[in-house]
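Participant: For reference, the file run.csv (CSV, C-alpha atoms) is included below:
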chain,number,residue,atom,x,y,z
Y,842,MET,CA,-16.3,-12.7,86.5
Y,843,ILE,CA,-15.3,-16.4,86.7
Y,844,GLN,CA,-16.0,-16.7,83.0
Y,845,PHE,CA,-13.7,-13.8,82.4
Y,846,LEU,CA,-11.0,-15.3,84.6
Y,847,MET,CA,-11.3,-18.6,82.7
Y,848,LYS,CA,-11.0,-16.6,79.5
Y,849,LYS,CA,-7.8,-15.0,80.5
Y,850,LYS,CA,-6.4,-18.2,81.7
Y,851,GLN,CA,-7.3,-19.9,78.5
Y,852,ILE,CA,-5.7,-17.1,76.5
Y,853,PHE,CA,-2.5,-17.5,78.5
Y,854,LEU,CA,-2.4,-21.2,78.1
Y,855,PHE,CA,-3.0,-20.7,74.4
Y,856,ILE,CA,0.0,-18.4,74.1
Y,857,ILE,CA,2.2,-20.6,76.2
Y,858,SER,CA,1.2,-23.7,74.3
Y,859,PHE,CA,1.8,-22.1,71.0
Y,860,ILE,CA,5.2,-20.8,72.0
Y,861,PHE,CA,6.2,-24.1,73.3
Y,862,SER,CA,5.0,-26.0,70.2
Y,863,PHE,CA,6.6,-23.5,67.8
Y,864,ASN,CA,9.8,-23.7,69.7
Y,865,SER,CA,9.9,-27.5,69.7
Y,866,ILE,CA,9.1,-27.6,66.0
Y,867,PHE,CA,11.8,-25.2,65.1
Y,868,SER,CA,14.4,-26.6,67.4
Y,869,GLN,CA,13.8,-30.0,65.9
Y,870,THR,CA,14.5,-28.8,62.4
Y,871,GLU,CA,17.5,-27.0,63.6
Y,872,ASN,CA,18.9,-30.1,65.2
Y,873,THR,CA,18.6,-32.0,61.9
Y,874,GLU,CA,19.9,-29.2,59.7
Y,875,SER,CA,22.8,-28.2,61.8
Y,876,ASP,CA,25.3,-30.2,63.8
Y,877,SER,CA,27.3,-27.2,64.9
Y,878,LEU,CA,25.1,-26.0,67.7
Y,879,ILE,CA,26.7,-24.3,70.6
Y,880,LYS,CA,27.3,-26.8,73.3
Y,881,LYS,CA,24.6,-26.6,75.9
Y,882,ASP,CA,26.1,-25.5,79.1
Y,883,LYS,CA,23.9,-25.4,82.2
Y,884,SER,CA,26.7,-24.0,84.4
Y,885,PHE,CA,27.0,-20.4,85.5
Y,886,ASN,CA,27.7,-18.3,82.5
Y,887,ILE,CA,27.5,-14.5,83.0
Y,888,ASN,CA,27.8,-13.6,79.4
Y,889,LYS,CA,26.1,-10.3,78.8
Y,890,LEU,CA,24.3,-7.4,80.4
Y,891,ARG,CA,21.5,-5.9,78.4
Y,892,PHE,CA,19.7,-2.6,79.1
Y,893,GLY,CA,17.4,-0.3,77.2
Y,894,ILE,CA,14.1,1.4,77.0
Y,895,ASP,CA,10.5,0.6,76.3
Y,896,LEU,CA,9.3,2.3,73.1
Y,897,SER,CA,5.6,1.8,73.6
Y,898,ASN,CA,5.3,4.2,76.5
Y,899,PRO,CA,6.0,7.4,74.6
Y,900,MET,CA,3.7,6.1,71.9
Y,901,ILE,CA,0.8,5.6,74.3
Y,902,SER,CA,1.0,8.8,76.3
Y,903,SER,CA,-0.7,11.9,75.0
Y,904,SER,CA,0.9,15.3,74.6
Y,905,ASN,CA,-0.6,16.6,77.8
Y,906,ASP,CA,1.1,14.0,80.0
Y,907,ASN,CA,4.5,14.4,81.5
Y,908,LEU,CA,7.2,12.1,80.4
Y,909,SER,CA,6.6,8.4,81.0
Y,910,TYR,CA,9.3,5.9,80.5
Y,911,GLU,CA,10.4,2.4,81.3
Y,912,ILE,CA,14.0,1.2,81.6
Y,913,VAL,CA,14.6,-2.5,81.1
Y,914,GLY,CA,17.6,-4.6,81.8
Y,915,ASP,CA,18.6,-8.2,82.0
Y,916,LEU,CA,21.7,-10.1,83.0
Y,917,GLN,CA,22.5,-13.5,81.6
Y,918,ILE,CA,23.5,-15.9,84.4
Y,919,THR,CA,23.3,-19.3,82.6
Y,920,ASN,CA,22.9,-20.2,79.0
Y,921,ASP,CA,19.1,-19.9,79.2
Y,922,LEU,CA,18.4,-18.0,82.4
Y,923,TYR,CA,18.4,-14.2,82.7
Y,924,LEU,CA,17.8,-12.0,85.7
Y,925,ALA,CA,15.5,-9.3,84.5
Y,926,ALA,CA,14.1,-6.1,85.8
Y,927,GLU,CA,12.1,-3.1,84.7
Y,928,TYR,CA,11.8,0.3,86.3
Y,929,GLY,CA,9.2,2.7,85.1
Y,930,SER,CA,7.8,6.2,85.8
Y,931,ILE,CA,4.3,6.9,84.6
Y,932,ASP,CA,2.3,10.1,84.4
Y,933,ARG,CA,-0.9,9.5,82.5
Y,934,TYR,CA,-4.3,11.2,82.2
Y,935,ILE,CA,-6.9,8.6,82.0
Y,936,GLU,CA,-10.4,9.3,80.6
Y,937,ASP,CA,-12.5,6.5,82.0
Y,938,GLU,CA,-16.2,5.8,81.6
Y,939,ASN,CA,-17.3,8.1,84.4
Y,940,ILE,CA,-14.2,9.4,86.0
Y,941,ASN,CA,-11.2,11.3,84.5
Y,942,PHE,CA,-8.1,11.1,86.6
Y,943,ASN,CA,-4.4,11.5,86.6
Y,944,SER,CA,-2.2,8.6,87.6
Y,945,VAL,CA,1.4,9.3,88.6
Y,946,GLY,CA,3.8,6.9,90.0
Y,947,ASN,CA,6.8,4.6,89.6
Y,948,TYR,CA,7.3,0.9,89.7
Y,949,LEU,CA,10.0,-1.8,89.9
Y,950,LYS,CA,9.6,-5.3,88.5
Y,951,ILE,CA,12.2,-7.9,89.3
Y,952,GLY,CA,12.4,-11.5,88.2
Y,953,PHE,CA,13.8,-13.8,85.6
Y,954,ASP,CA,13.4,-14.9,82.0
Y,955,PHE,CA,14.0,-18.4,80.7
Y,956,ASN,CA,15.0,-18.6,77.0
Y,957,MET,CA,13.5,-21.5,75.1
Y,958,PHE,CA,15.0,-20.7,71.7
Y,959,ASN,CA,17.9,-22.7,70.4
Y,960,ASN,CA,20.1,-20.4,68.4
Y,961,TRP,CA,22.3,-21.2,65.5
Y,962,VAL,CA,26.0,-20.3,65.8
Y,963,GLY,CA,26.4,-16.6,65.9
Y,964,MET,CA,22.8,-15.8,66.4
Y,965,ASP,CA,21.5,-14.4,69.7
Y,966,ASN,CA,17.7,-14.3,69.6
Y,967,SER,CA,15.4,-15.5,72.3
Y,968,ILE,CA,11.8,-16.6,72.9
Y,969,TYR,CA,11.3,-16.6,76.6
Y,970,VAL,CA,8.9,-17.0,79.4
Y,971,GLY,CA,9.5,-15.3,82.7
Y,972,LEU,CA,8.1,-14.2,86.1
Y,973,ARG,CA,8.3,-10.9,87.9
Y,974,TYR,CA,7.4,-9.5,91.3
Y,975,ALA,CA,6.4,-5.9,90.9
Y,976,SER,CA,5.6,-3.0,93.2
Y,977,SER,CA,4.3,0.4,92.5
Y,978,ASN,CA,4.0,3.6,94.5
Y,979,PHE,CA,1.6,6.0,93.0
Y,980,SER,CA,-1.1,8.7,93.4
Y,981,ASN,CA,-4.4,9.1,91.6
Y,982,LYS,CA,-5.8,12.5,91.3
Y,983,VAL,CA,-9.5,12.7,90.4
Y,984,ASP,CA,-10.0,15.5,87.9
Y,985,SER,CA,-13.6,15.3,86.9
Y,986,TYR,CA,-16.5,12.9,86.9
Y,987,ALA,CA,-20.2,12.6,86.1
Y,988,VAL,CA,-22.4,11.7,89.0
Y,989,ARG,CA,-24.7,8.8,88.1
Y,990,SER,CA,-28.4,9.8,88.1
Y,991,GLY,CA,-31.6,8.3,86.7
Y,992,GLU,CA,-32.5,11.3,84.7
Y,993,ALA,CA,-30.0,13.7,83.2
Y,994,TYR,CA,-31.9,16.9,83.9
Y,995,PHE,CA,-29.1,19.0,85.4
Y,996,SER,CA,-25.5,18.6,84.2
Y,997,ASN,CA,-23.9,16.1,86.5
Y,998,LEU,CA,-20.3,17.0,85.7
Y,999,VAL,CA,-18.2,17.6,88.8
Y,1000,ASP,CA,-14.8,19.2,88.2
Y,1001,ASN,CA,-14.2,21.1,91.4
Y,1002,GLY,CA,-14.7,20.9,95.1
Y,1003,TYR,CA,-16.2,17.5,95.8
Y,1004,GLU,CA,-14.3,14.3,95.4
Y,1005,ASN,CA,-11.8,16.1,93.1
Y,1006,VAL,CA,-8.9,15.2,95.4
Y,1007,THR,CA,-5.5,13.6,95.1
Y,1008,HIS,CA,-5.3,10.1,96.7
Y,1009,ASN,CA,-1.7,9.9,97.8
Y,1010,ASN,CA,0.7,7.3,99.1
Y,1011,LEU,CA,-0.9,4.4,97.3
Y,1012,ASN,CA,0.9,1.1,96.8
Y,1013,GLY,CA,0.3,-2.0,94.7
Y,1014,ASN,CA,2.0,-5.3,94.5
Y,1015,TRP,CA,1.6,-7.9,91.9
Y,1016,VAL,CA,3.2,-10.8,90.0
Y,1017,GLU,CA,3.6,-10.9,86.2
Y,1018,ILE,CA,3.8,-13.9,83.9
Y,1019,VAL,CA,5.8,-12.8,80.9
Y,1020,THR,CA,6.2,-14.2,77.4
Y,1021,GLY,CA,8.2,-12.5,74.7
Y,1022,VAL,CA,10.8,-12.4,72.1
Y,1023,LYS,CA,14.1,-10.6,71.6
Y,1024,VAL,CA,15.7,-10.3,68.2
Y,1025,GLU,CA,19.2,-9.1,67.6
Y,1026,THR,CA,18.6,-6.6,64.8
Y,1027,PHE,CA,22.1,-5.2,64.6
Y,1028,LYS,CA,25.1,-6.3,66.4
Y,1029,ASN,CA,24.4,-6.1,70.2
Y,1030,ILE,CA,21.2,-4.2,69.5
Y,1031,TYR,CA,17.9,-6.0,70.2
Y,1032,LEU,CA,14.3,-5.3,69.5
Y,1033,GLY,CA,11.9,-7.1,71.9
Y,1034,ILE,CA,8.3,-7.5,72.6
Y,1035,SER,CA,6.7,-9.0,75.6
Y,1036,LEU,CA,3.2,-9.7,76.9
Y,1037,ARG,CA,2.4,-9.7,80.5
Y,1038,LEU,CA,-0.4,-11.3,82.5
Y,1039,ASN,CA,-0.6,-9.6,85.8
Y,1040,LYS,CA,-2.1,-10.8,89.1
Y,1041,LEU,CA,-2.7,-8.2,91.7
Y,1042,LEU,CA,-1.7,-9.4,95.2
Y,1043,SER,CA,-2.4,-6.3,97.3
Y,1044,ASP,CA,-3.1,-2.6,97.0
Y,1045,THR,CA,-3.9,0.2,99.4
Y,1046,LYS,CA,-7.5,1.3,98.8
Y,1047,PRO,CA,-8.1,5.1,98.7
Y,1048,SER,CA,-11.1,6.4,100.7
Y,1049,ASN,CA,-14.2,6.8,98.6
Y,1050,PHE,CA,-12.4,5.9,95.4
Y,1051,ASP,CA,-10.7,2.8,94.0
Y,1052,ASN,CA,-7.5,2.1,92.2
Y,1053,LEU,CA,-8.7,2.0,88.6
Y,1054,PHE,CA,-5.2,2.3,87.3
Y,1055,ILE,CA,-1.9,1.3,88.8
Y,1056,PRO,CA,1.3,2.4,87.0
Y,1057,GLY,CA,3.0,-0.7,85.7
Y,1058,PHE,CA,0.0,-2.9,86.3
Y,1059,ASN,CA,-2.3,-0.8,84.1
Y,1060,LYS,CA,-6.0,-1.0,84.2
Y,1061,VAL,CA,-7.6,-2.6,87.2
Y,1062,THR,CA,-11.1,-3.9,86.5
Y,1063,ASP,CA,-14.1,-4.2,88.9
Y,1064,ASP,CA,-14.0,-7.3,91.2
Y,1065,ASN,CA,-11.0,-8.7,89.3
Y,1066,THR,CA,-7.4,-9.0,90.2
Y,1067,TRP,CA,-6.1,-9.8,86.8
Y,1068,GLY,CA,-4.6,-7.3,84.4
Y,1069,SER,CA,-2.4,-7.2,81.3
Y,1070,GLY,CA,0.4,-5.3,79.8
Y,1071,PHE,CA,3.0,-5.3,77.2
Y,1072,ASN,CA,6.2,-3.5,76.2
Y,1073,TYR,CA,8.2,-3.0,73.1
Y,1074,THR,CA,11.9,-2.6,73.9
Y,1075,LEU,CA,15.1,-1.5,72.3
Y,1076,THR,CA,18.1,-2.8,74.2
Y,1077,TYR,CA,21.8,-2.7,73.9
Y,1078,SER,CA,24.0,-5.5,75.1
Y,1079,ILE,CA,27.4,-5.2,76.7
Y,1080,PRO,CA,29.1,-8.4,76.0
Y,1081,PHE,CA,31.4,-9.7,78.7
Y,1082,LYS,CA,33.0,-12.3,76.5
Y,1083,LYS,CA,33.8,-12.2,72.9
Y,1084,ARG,CA,31.4,-14.2,70.8
Y,1085,LYS,CA,32.7,-17.1,68.9
W,814,MET,CA,11.9,-17.6,61.1
W,815,ILE,CA,12.3,-15.2,63.9
W,816,ASN,CA,10.3,-12.6,62.0
W,817,LYS,CA,7.5,-15.2,61.8
W,818,HIS,CA,7.5,-15.4,65.6
W,819,HIS,CA,7.6,-11.7,65.9
W,820,ASN,CA,4.6,-11.2,63.7
W,821,PHE,CA,2.8,-14.0,65.5
W,822,LEU,CA,3.4,-12.5,68.9
W,823,PHE,CA,2.3,-9.1,67.7
W,824,LEU,CA,-1.0,-10.7,66.5
W,825,LEU,CA,-1.4,-12.3,69.9
W,826,LEU,CA,-0.8,-9.0,71.5
W,827,ILE,CA,-3.7,-7.5,69.7
W,828,VAL,CA,-6.0,-10.4,70.6
W,829,PHE,CA,-4.8,-10.2,74.2
W,830,LEU,CA,-5.5,-6.5,74.6
W,831,GLY,CA,-8.8,-6.9,72.9
W,832,CYS,CA,-10.0,-9.2,75.5
W,833,GLU,CA,-10.7,-6.6,78.2
W,834,LYS,CA,-13.9,-6.9,80.2
W,835,ASP,CA,-16.5,-4.3,79.5
W,836,ASP,CA,-17.6,-2.5,82.7
W,837,ILE,CA,-21.3,-1.9,82.5
W,838,CYS,CA,-23.1,-0.4,85.4
W,839,ILE,CA,-25.8,-2.9,86.2
W,840,GLU,CA,-29.3,-1.6,86.2
W,841,GLY,CA,-30.6,-1.6,89.7
W,842,SER,CA,-27.3,-0.4,91.1
W,843,GLU,CA,-27.5,2.3,93.7
W,844,ASN,CA,-28.4,5.6,92.2
W,845,THR,CA,-28.7,9.2,93.0
W,846,SER,CA,-32.0,9.8,94.8
W,847,ARG,CA,-34.4,12.6,94.0
W,848,ILE,CA,-36.0,14.8,96.5
W,849,THR,CA,-39.6,13.8,97.4
W,850,ILE,CA,-42.0,16.7,97.8
W,851,GLY,CA,-45.5,16.4,99.3
W,852,PHE,CA,-48.3,18.8,99.1
W,853,ILE,CA,-50.6,19.7,102.0
W,854,ASP,CA,-53.4,22.2,102.6
W,855,TYR,CA,-52.2,25.3,104.4
W,856,GLU,CA,-55.2,25.5,106.6
W,857,THR,CA,-56.2,21.9,107.4
W,858,LYS,CA,-52.6,20.5,107.0
W,859,GLY,CA,-54.1,17.5,105.3
W,860,VAL,CA,-52.6,15.9,102.2
W,861,LYS,CA,-54.0,17.7,99.1
W,862,ASP,CA,-53.3,16.6,95.6
W,863,ILE,CA,-52.2,19.2,93.1
W,864,SER,CA,-52.0,19.5,89.4
W,865,LEU,CA,-49.2,21.8,88.6
W,866,ASN,CA,-49.0,23.5,85.3
W,867,SER,CA,-45.3,23.3,84.9
W,868,ILE,CA,-42.0,22.6,86.6
W,869,ARG,CA,-38.7,24.0,85.4
W,870,GLY,CA,-35.3,24.2,86.9
W,871,ILE,CA,-34.0,27.7,87.0
W,872,GLY,CA,-31.4,28.3,84.3
W,873,LEU,CA,-32.8,25.5,82.2
W,874,ASP,CA,-35.2,25.6,79.2
W,875,SER,CA,-36.6,22.2,79.4
W,876,ILE,CA,-39.5,21.5,81.7
W,877,ILE,CA,-39.9,18.4,83.8
W,878,GLU,CA,-42.7,16.1,82.9
W,879,ILE,CA,-45.4,15.9,85.7
W,880,LYS,CA,-46.3,12.3,86.2
W,881,SER,CA,-48.8,12.4,89.2
W,882,GLU,CA,-50.9,14.7,91.2
W,883,GLY,CA,-49.5,13.4,94.5
W,884,ASN,CA,-45.9,13.4,95.6
W,885,LEU,CA,-43.4,15.0,93.3
W,886,LYS,CA,-39.9,13.6,92.8
W,887,LEU,CA,-37.4,16.1,91.5
W,888,PRO,CA,-33.6,15.7,90.8
W,889,LEU,CA,-31.2,17.9,92.8
W,890,LYS,CA,-28.0,19.4,91.4
W,891,ALA,CA,-25.2,17.0,92.3
W,892,ASN,CA,-22.6,19.7,91.7
W,893,SER,CA,-24.1,22.4,93.8
W,894,ASN,CA,-25.5,23.2,97.2
W,895,LYS,CA,-28.6,24.8,95.9
W,896,THR,CA,-31.3,23.7,93.5
W,897,LYS,CA,-34.0,26.1,92.3
W,898,TYR,CA,-37.3,25.2,90.7
W,899,LEU,CA,-39.9,27.4,89.2
W,900,LEU,CA,-43.3,25.8,90.0
W,901,GLU,CA,-46.4,27.0,88.1
W,902,TYR,CA,-49.8,26.6,89.5
W,903,ASN,CA,-52.9,28.6,88.4
W,904,GLU,CA,-50.7,30.7,86.2
W,905,THR,CA,-48.7,31.9,89.2
W,906,PHE,CA,-45.0,31.1,89.4
W,907,ASP,CA,-43.2,30.4,92.7
W,908,THR,CA,-39.5,29.7,93.1
W,909,LEU,CA,-38.6,26.9,95.4
W,910,VAL,CA,-35.0,27.2,96.6
W,911,ILE,CA,-33.8,23.9,98.0
W,912,SER,CA,-30.6,24.2,100.0
W,913,HIS,CA,-28.7,21.0,100.5
W,914,HIS,CA,-25.5,19.4,101.5
W,915,THR,CA,-24.2,17.3,98.7
W,916,PHE,CA,-22.0,14.1,99.3
W,917,HIS,CA,-20.6,11.9,96.6
W,918,LYS,CA,-20.2,8.3,97.2
W,919,TYR,CA,-18.0,6.0,95.0
W,920,LEU,CA,-19.6,2.8,93.9
W,921,ASN,CA,-17.3,1.2,91.3
W,922,ARG,CA,-15.6,1.8,87.9
W,923,SER,CA,-18.7,1.2,85.8
W,924,CYS,CA,-21.2,3.2,87.9
W,925,GLY,CA,-18.8,5.9,89.2
W,926,TYR,CA,-20.1,8.2,91.9
W,927,ILE,CA,-23.7,8.8,93.2
W,928,ALA,CA,-24.8,11.7,95.2
W,929,ASN,CA,-26.6,11.8,98.6
W,930,PHE,CA,-28.1,14.9,100.0
W,931,ILE,CA,-29.2,16.5,103.3
W,932,VAL,CA,-31.7,19.2,103.0
W,933,LYS,CA,-30.7,22.3,104.9
W,934,SER,CA,-33.1,24.4,107.0
W,935,ASP,CA,-32.8,27.5,104.8
W,936,THR,CA,-34.8,25.8,102.1
W,937,GLU,CA,-37.4,28.4,101.2
W,938,ILE,CA,-39.7,30.1,98.8
W,939,SER,CA,-38.0,33.1,97.3
W,940,LYS,CA,-41.1,35.2,97.1
W,941,ASN,CA,-44.1,35.0,99.4
W,942,SER,CA,-46.7,36.5,97.1
W,943,GLY,CA,-47.4,33.4,95.2
W,944,TRP,CA,-49.5,30.3,95.8
W,945,ILE,CA,-47.1,28.6,98.1
W,946,LYS,CA,-47.6,29.7,101.7
W,947,GLU,CA,-45.0,27.7,103.5
W,948,VAL,CA,-42.3,25.0,103.1
W,949,SER,CA,-41.4,22.6,105.9
W,950,ILE,CA,-38.8,19.9,106.1
W,951,GLU,CA,-40.0,16.4,107.1
W,952,ASN,CA,-36.9,14.2,106.5
W,953,ASP,CA,-33.7,16.0,105.8
W,954,SER,CA,-31.6,13.1,104.5
W,955,ILE,CA,-32.0,11.9,101.0
W,956,PHE,CA,-30.4,8.5,100.7
W,957,ASN,CA,-33.5,6.8,99.1
W,958,GLU,CA,-36.8,7.9,97.6
W,959,GLU,CA,-39.0,6.3,100.2
W,960,LYS,CA,-39.8,9.2,102.5
W,961,THR,CA,-41.3,12.6,101.9
W,962,ASN,CA,-38.5,15.1,102.4
W,963,ILE,CA,-40.3,18.4,102.3
W,964,LEU,CA,-43.9,19.6,102.4
W,965,ILE,CA,-45.3,22.5,100.4
W,966,HIS,CA,-48.2,24.1,102.2
W,967,TYR,CA,-50.7,25.8,99.9
In structure tokens, write the structure found in this file.

Facilitator:
Amino acid sequence: MIQFLMKKKQIFLFIISFIFSFNSIFSQTENTESDSLIKKDKSFNINKLRFGIDLSNPMISSSNDNLSYEIVGDLQITNDLYLAAEYGSIDRYIEDENINFNSVGNYLKIGFDFNMFNNWVGMDNSIYVGLRYASSNFSNKVDSYAVRSGEAYFSNLVDNGYENVTHNNLNGNWVEIVTGVKVETFKNIYLGISLRLNKLLSDTKPSNFDNLFIPGFNKVTDDNTWGSGFNYTLTYSIPFKKRK
Amino acid sequence: MINKHHNFLFLLLIVFLGCEKDDICIEGSENTSRITIGFIDYETKGVKDISLNSIRGIGLDSIIEIKSEGNLKLPLKANSNKTKYLLEYNETFDTLVISHHTFHKYLNRSCGYIANFIVKSDTEISKNSGWIKEVSIENDSIFNEEKTNILIHY
């Protein structure tokens, strides 16, 4: 388990270091090539409100599931700092190794993004890192499972009457470390992708079961509080000021 | 330039999601216990080894391999409250009907659930004309395979 944690940590550091190095490399070249950068302004600068949807959710969910979606939004408060939030509703049937279950719930993630990309005049792209605090209310309904046994003489599939119950009123809280990019594809329309490393802080344990999946957090592994996620977003920006 | 980043991050995404831990149920983890059946002489009530001809679960075609002439360990149905076995001895078939409470206990993601059983008192032989004279319950709870759960008198 420690090895695994180390692995995730390393992966994350790897991503961060790459993004930082790329950013610094490119920003250097920009500085030499262009002398008409927008003046850096650290002061309060509520410039635009962006909102949109995650495109990966409908792609992942199967046809049997009910609609799952994630709404995303961010508000620019200084040149580089954005308040950011995601709200999602998930209904997903999960076929795990031994247990098939249905996870239904919604989540809210609130935090900020910090842009590290220096744009040329007229461009509005971003490479950012961010943090979120997230909370999810959900239920997991055990549909069927195979009872572990030494010899498979009888069928061990249980699909009715035993632990095939709905575990209701579950809650999970976690923090996310976010890295991502947003690219202005058309005027005021952005495509974005973000990777998330999640650290579970607390969750209510169901009786005689465990939270194998938390909507928003995704897969929870045995003896491990780390998880991962991503989204692929299409957002529209409402500009408050006319762009120069 | 931005596209370069985009592709790069997408690549990272694939690497990132590929690094999930495999959950493998460790051998030696708790497992569903079988029922332990002892054989005693009907008259003397002393332990008496037996060499059964065959054992087969009712409704199934495959027979269970007989490994010893002493205690017999048989799996119980984890998704039922009744397990029936056809026991053949001296070309006579007797049906052993084991009634049991079945409980499922969650271990973890990789191992899932195991079953524990409690043998109920209506465990019986469905016909009395065969070689089995009587069945008695010794230890009704099956949480491990250490104790003999039921005795077959013959």

Participant: As number ranges by chain, could you give me every residue of chain Y near chain W (at most 9 Å apart, counting only C-alpha atoms)?

Facilitator: Y: 842, 845, 848-849, 852-853, 856, 860, 863, 867, 937-940, 966-968, 986-1004, 1021-1024, 1033-1036, 1048-1051, 1053, 1062-1063, 1068-1071

Participant: What is the atom CA of Pro1047 of chain Y to atom CA of Ser930 of chain Y distance in Å?

Facilitator: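 Interatomic distance here is 20.5 Å.
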
Participant: My list of candidates is W:Leu964, W:Ile850, W:Leu885, W:Ile839. Which is closest to Ile950 of chain W when distances are computed with all atoms listed in the file?

Facilitator: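 Using all atoms listed in the file, Ile950 of chain W sits closest to W:Leu964.
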
Participant: Give me, as a count of residues only, all polymer residues having an atom no more than 9 Å from Lys960 of chain W, counting only C-alpha atoms and skipping those fewer than 4 positions away in the same chain.

Facilitator: 4

Participant: So, with all atoms listed in the file as the atoms that count, which of Y:Met957, Y:Leu1042, Y:Val983, Y:Met964 lies closest to Phe1027 of chain Y?

Facilitator: Y:Met964

Participant: Quick one: residues within 7 Å of Tyr898 of chain W, all atoms listed in the file counted, chain neighbours fewer than 3 positions away excluded, as JSON, numbers by chain?

Facilitator: {"W": [868, 869, 870, 871, 908, 909, 910]}

Participant: Between atom CA of Val913 of chain Y and atom CA of Lys982 of chain Y, what is the spacing in Å?

Facilitator: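 Between these atoms lies a distance of 27.3 Å.
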
Participant: Report, in Å with one decimal, the straight-line distance from atom CA of Arg1037 of chain Y to atom CA of Leu890 of chain Y.

Facilitator: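 Interatomic distance here is 22.0 Å.
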
Participant: Pick the closest to Asn941 of chain Y from Y:Tyr1073, Y:Tyr928, Y:Phe1054, Y:Phe979: which is it, counting all atoms listed in the file?

Facilitator: Y:Phe1054
